[in-house]
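J.: This is the structure I want to talk about, given as structure tokens.
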Amino acid sequence: MQADEKKLLQSAIMAAKAVAWLAAVAFLVYYGAFLTKTMQEIFGQNEGLRSAIPAIMNAAILIFGTQLFLMVTRYVIGGHFESKGKGKESKVLLVLYTYIVWAITAIILISAFFKDIGALLTSLGLIGFGITFALQKPILNFVGWLNIVLTNPFSIGDRIEVAGVRGDVMSIHTMYTQIQGTMPNK
């Protein structure tokens with residue numbers, strides 16, 4: 001029965017990956033056509049590049065402002081985690097924070113250049129759903145690690161008990177926590 005379940009699980013994973021790839025290809029084809037049409041509309045006017053200069057200036061100011069914002073907030077957040085002795089974890093969290101801020105900035109930039117971004121965001125949402133479905137286990141492990149880092153229920157050196165096995169926490173990693181365990185006396 002377990003072999004059948006493994007084959008079924010592997011088939012489902014392969015199907016999810018295939019759907020994710022098809023969605024990515026469909027998105028790229030649609031987005032390429034959309035981008036070509038929009039650029040022709042923007043630069044096809046008699047004014048040429050002059051009509052795009054305000055949008056380019058706004059984009060440059062937004063990028064510079066985002067970089068400045070990230071420098072300040074990363075310094076503050078990093079100092080907070082360093083003061084708590086969580087320097088190693090702060091690096092991973094700061095990278096995640098940086099990606100999130102730049103993703104929001106990219107969406108704002110895209111909305112500044114393109115008037116109708118609903119189809120683009122819908123496509124991105126579908127691709128995100130496919131990727132999330134395909135990467136469920138690593139995402140759950142990452143969220144569990146974030147929970148351990150932020151709530152601090154235990155730390156390295158603590159003695160904990162998990163599923164009837166008692167042991168000392170040796171290391172806490174993104175995808176696993178290493179415990180040197182001892183079997184309970186019976």
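Ordered as shown in the structure tokens, chains take letters A, B, and onward, while each chain numbers its residues from 1 and ligands are numbered from 1 in the order shown.
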Please provide the set of residues having any atom within 10 Å of A:Leu124, restricted to only C-alpha atoms, with same-chain residues fewer than 5 positions apart removed, written as a ChimeraX atom specification.
T.: /A:23-24,27,118-119,129-130
J.: Identify, on the basis of only C-alpha atoms, every residue whose closest approach to stretch 163-172 of chain A does not exceed 9 Å; exclude the query and any residue fewer than 5 positions from it along the same chain; express the result as a PyMOL selection string.
T.: chain A and resi 145+148-149+154-158+177-184
J.: Just to confirm, what's the straight-line distance from atom CA of A:Ser123 to atom CA of A:Gly65 in Å (one decimal)?
T.: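 Spanning atom CA of A:Ser123 to atom CA of A:Gly65 is a straight-line distance of 28.0 Å.
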J.: Can you list, as an mmCIF file with all heavy atoms, in the first residue's frame, every protein, DNA or RNA residue that comes within 9 Å of A:Ala16 when you count only C-alpha atoms, leaving out same-chain residues fewer than 3 positions away?
T.:
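After the write, around.cif holds the following:
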```cif
data_model
loop_
_atom_site.group_PDB
_atom_site.id
_atom_site.type_symbol
_atom_site.label_atom_id
_atom_site.label_comp_id
_atom_site.auth_asym_id
_atom_site.auth_seq_id
_atom_site.Cartn_x
_atom_site.Cartn_y
_atom_site.Cartn_z
ATOM 1 N N SER A 11 3.469 10.986 -8.798
ATOM 2 C CA SER A 11 2.687 11.391 -9.973
ATOM 3 C C SER A 11 2.058 12.760 -9.766
ATOM 4 O O SER A 11 2.045 13.589 -10.668
ATOM 5 C CB SER A 11 1.593 10.364 -10.262
ATOM 6 O OG SER A 11 2.161 9.120 -10.562
ATOM 7 N N ALA A 12 1.539 12.994 -8.561
ATOM 8 C CA ALA A 12 0.937 14.294 -8.263
ATOM 9 C C ALA A 12 1.980 15.400 -8.299
ATOM 10 O O ALA A 12 1.715 16.495 -8.815
ATOM 11 C CB ALA A 12 0.248 14.258 -6.894
ATOM 12 N N ILE A 13 3.173 15.124 -7.799
ATOM 13 C CA ILE A 13 4.243 16.125 -7.828
ATOM 14 C C ILE A 13 4.646 16.416 -9.265
ATOM 15 O O ILE A 13 4.840 17.574 -9.644
ATOM 16 C CB ILE A 13 5.444 15.640 -6.980
ATOM 17 C CG1 ILE A 13 5.078 15.671 -5.500
ATOM 18 C CG2 ILE A 13 6.681 16.494 -7.246
ATOM 19 C CD1 ILE A 13 6.106 15.029 -4.590
ATOM 20 N N VAL A 19 2.188 21.477 -14.597
ATOM 21 C CA VAL A 19 1.240 22.601 -14.611
ATOM 22 C C VAL A 19 1.970 23.914 -14.358
ATOM 23 O O VAL A 19 1.706 24.929 -15.015
ATOM 24 C CB VAL A 19 0.113 22.371 -13.573
ATOM 25 C CG1 VAL A 19 -0.702 23.631 -13.364
ATOM 26 C CG2 VAL A 19 -0.777 21.234 -14.018
ATOM 27 N N ALA A 20 2.922 23.908 -13.424
ATOM 28 C CA ALA A 20 3.683 25.125 -13.143
ATOM 29 C C ALA A 20 4.481 25.561 -14.361
ATOM 30 O O ALA A 20 4.526 26.753 -14.696
ATOM 31 C CB ALA A 20 4.601 24.907 -11.940
ATOM 32 N N TRP A 21 5.118 24.610 -15.050
ATOM 33 C CA TRP A 21 5.880 24.960 -16.255
ATOM 34 C C TRP A 21 4.965 25.487 -17.354
ATOM 35 O O TRP A 21 5.296 26.469 -18.030
ATOM 36 C CB TRP A 21 6.665 23.743 -16.757
ATOM 37 C CG TRP A 21 7.984 23.588 -16.080
ATOM 38 C CD1 TRP A 21 8.314 22.650 -15.155
ATOM 39 C CD2 TRP A 21 9.142 24.418 -16.249
ATOM 40 N NE1 TRP A 21 9.596 22.829 -14.725
ATOM 41 C CE2 TRP A 21 10.141 23.911 -15.393
ATOM 42 C CE3 TRP A 21 9.429 25.517 -17.023
ATOM 43 C CZ2 TRP A 21 11.403 24.481 -15.308
ATOM 44 C CZ3 TRP A 21 10.695 26.087 -16.934
ATOM 45 C CH2 TRP A 21 11.654 25.571 -16.090
ATOM 46 N N GLY A 130 0.902 27.669 -8.530
ATOM 47 C CA GLY A 130 1.532 26.443 -9.019
ATOM 48 C C GLY A 130 2.848 26.163 -8.322
ATOM 49 O O GLY A 130 3.129 25.027 -7.923
ATOM 50 N N ILE A 131 3.653 27.187 -8.152
ATOM 51 C CA ILE A 131 4.948 27.020 -7.483
ATOM 52 C C ILE A 131 4.736 26.654 -6.018
ATOM 53 O O ILE A 131 5.420 25.778 -5.479
ATOM 54 C CB ILE A 131 5.802 28.292 -7.640
ATOM 55 C CG1 ILE A 131 6.234 28.444 -9.097
ATOM 56 C CG2 ILE A 131 7.012 28.261 -6.723
ATOM 57 C CD1 ILE A 131 6.900 29.750 -9.412
ATOM 58 N N PHE A 133 2.172 25.144 -4.705
ATOM 59 C CA PHE A 133 1.662 23.775 -4.637
ATOM 60 C C PHE A 133 2.799 22.773 -4.813
ATOM 61 O O PHE A 133 2.863 21.759 -4.121
ATOM 62 C CB PHE A 133 0.582 23.555 -5.706
ATOM 63 C CG PHE A 133 -0.073 22.216 -5.637
ATOM 64 C CD1 PHE A 133 -0.956 21.913 -4.620
ATOM 65 C CD2 PHE A 133 0.204 21.251 -6.584
ATOM 66 C CE1 PHE A 133 -1.551 20.671 -4.540
ATOM 67 C CE2 PHE A 133 -0.392 20.003 -6.521
ATOM 68 C CZ PHE A 133 -1.275 19.716 -5.500
ATOM 69 N N ALA A 134 3.727 23.069 -5.734
ATOM 70 C CA ALA A 134 4.832 22.153 -5.995
ATOM 71 C C ALA A 134 5.850 22.142 -4.854
ATOM 72 O O ALA A 134 6.526 21.149 -4.647
ATOM 73 C CB ALA A 134 5.515 22.530 -7.307
#
```
J.: Go through A:His80, A:Ile63, A:Lys7, A:Lys86 one by one, measure the shortest atom-to-atom distance of each to A:Ile107 using only C-alpha atoms, and give the residue with the smallest value.
T.: A:Ile63
J.: Among stretch 4-178 of chain A, which residues carry a DSSP assignment of strand (DSSP E or B), reported as number ranges by chain?
T.: A: 159-162, 165-172, 177-178
J.: Can I get the selected residues back with N, CA, C and O atoms, as a short mmCIF file (atom, residue, chain, number, x, y, z; two decimals), in the first residue's frame?
T.:
```cif
data_model
loop_
_atom_site.label_atom_id
_atom_site.label_comp_id
_atom_site.auth_asym_id
_atom_site.auth_seq_id
_atom_site.Cartn_x
_atom_site.Cartn_y
_atom_site.Cartn_z
N ARG A 159 17.11 21.15 26.43
CA ARG A 159 16.67 19.76 26.40
C ARG A 159 15.16 19.78 26.14
O ARG A 159 14.40 20.40 26.86
N ILE A 160 14.74 19.09 25.07
CA ILE A 160 13.33 19.06 24.70
C ILE A 160 12.90 17.61 24.50
O ILE A 160 13.73 16.71 24.41
N GLU A 161 11.59 17.41 24.41
CA GLU A 161 11.04 16.09 24.15
C GLU A 161 10.11 16.17 22.96
O GLU A 161 9.19 17.01 22.93
N VAL A 162 10.35 15.32 21.96
CA VAL A 162 9.55 15.30 20.75
C VAL A 162 9.15 13.85 20.47
O VAL A 162 10.02 12.98 20.35
N VAL A 165 10.77 11.11 22.52
CA VAL A 165 12.23 11.05 22.53
C VAL A 165 12.75 12.35 23.13
O VAL A 165 12.40 13.44 22.67
N ARG A 166 13.57 12.23 24.14
CA ARG A 166 14.13 13.40 24.81
C ARG A 166 15.55 13.60 24.31
O ARG A 166 16.30 12.65 24.11
N GLY A 167 15.93 14.87 24.09
CA GLY A 167 17.29 15.12 23.61
C GLY A 167 17.66 16.59 23.71
O GLY A 167 16.85 17.45 24.02
N ASP A 168 18.95 16.85 23.43
CA ASP A 168 19.47 18.21 23.45
C ASP A 168 19.47 18.77 22.04
O ASP A 168 19.86 18.09 21.09
N VAL A 169 19.06 20.03 21.91
CA VAL A 169 19.05 20.70 20.61
C VAL A 169 20.50 21.03 20.25
O VAL A 169 21.18 21.76 20.96
N MET A 170 20.97 20.46 19.14
CA MET A 170 22.35 20.66 18.71
C MET A 170 22.48 21.85 17.75
O MET A 170 23.42 22.62 17.83
N SER A 171 21.51 21.98 16.82
CA SER A 171 21.54 23.08 15.86
C SER A 171 20.13 23.29 15.31
O SER A 171 19.32 22.38 15.28
N ILE A 172 19.87 24.52 14.89
CA ILE A 172 18.58 24.89 14.30
C ILE A 172 18.87 25.42 12.91
O ILE A 172 19.50 26.47 12.76
N THR A 177 15.84 20.77 12.48
CA THR A 177 16.46 21.02 13.77
C THR A 177 17.12 19.72 14.21
O THR A 177 16.47 18.68 14.24
N GLN A 178 18.40 19.77 14.50
CA GLN A 178 19.15 18.57 14.87
C GLN A 178 19.11 18.40 16.39
O GLN A 178 19.45 19.31 17.14
#
```
J.: What does the distance from atom CA of A:Arg74 to atom CA of A:Ile56 come to in Å, to one decimal?
T.: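 We find that atom CA of A:Arg74 and atom CA of A:Ile56 lie 26.5 Å from each other.
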J.: Between A:Thr98, A:Thr132, A:Ser111, A:Thr122, single out the one closest to A:Phe69, counting only C-alpha atoms.
T.: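 Distance minimum relative to A:Phe69 lands on A:Thr98.
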J.: Within 9 Å of stretch 94-97 of chain A, counting only C-alpha atoms, which residues qualify if same-chain residues fewer than 3 places away don't, as a list of chain:residue names?
T.: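 Here the answer would be A:Leu70, A:Arg74, A:Ile77, A:Gly78, A:Glu89, A:Ser90, A:Lys91, A:Ile100, A:Val101, A:Trp102.
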J.: Those same residues, written as a PDB file, in the first residue's frame with C-alpha atoms?
T.:
```
ATOM      1  CA  LEU A  70      16.185  49.341   2.867  1.00  0.00           C
ATOM      2  CA  ARG A  74      17.989  46.724   7.500  1.00  0.00           C
ATOM      3  CA  ILE A  77      16.310  45.307  12.138  1.00  0.00           C
ATOM      4  CA  GLY A  78      19.835  43.863  12.066  1.00  0.00           C
ATOM      5  CA  GLU A  89      19.110  34.244  11.866  1.00  0.00           C
ATOM      6  CA  SER A  90      19.006  37.975  11.148  1.00  0.00           C
ATOM      7  CA  LYS A  91      20.911  37.521   7.891  1.00  0.00           C
ATOM      8  CA  ILE A 100       9.653  41.302  -0.222  1.00  0.00           C
ATOM      9  CA  VAL A 101      10.338  45.056  -0.335  1.00  0.00           C
ATOM     10  CA  TRP A 102      11.798  44.838  -3.857  1.00  0.00           C
TER      11      TRP A 102
END
```
J.: Which is closer to A:Leu150 than all the others in A:Leu135, A:Met14, A:Ile53, A:Leu93, using only C-alpha atoms?
T.: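 Under the stated criterion, the closest residue is A:Leu93.
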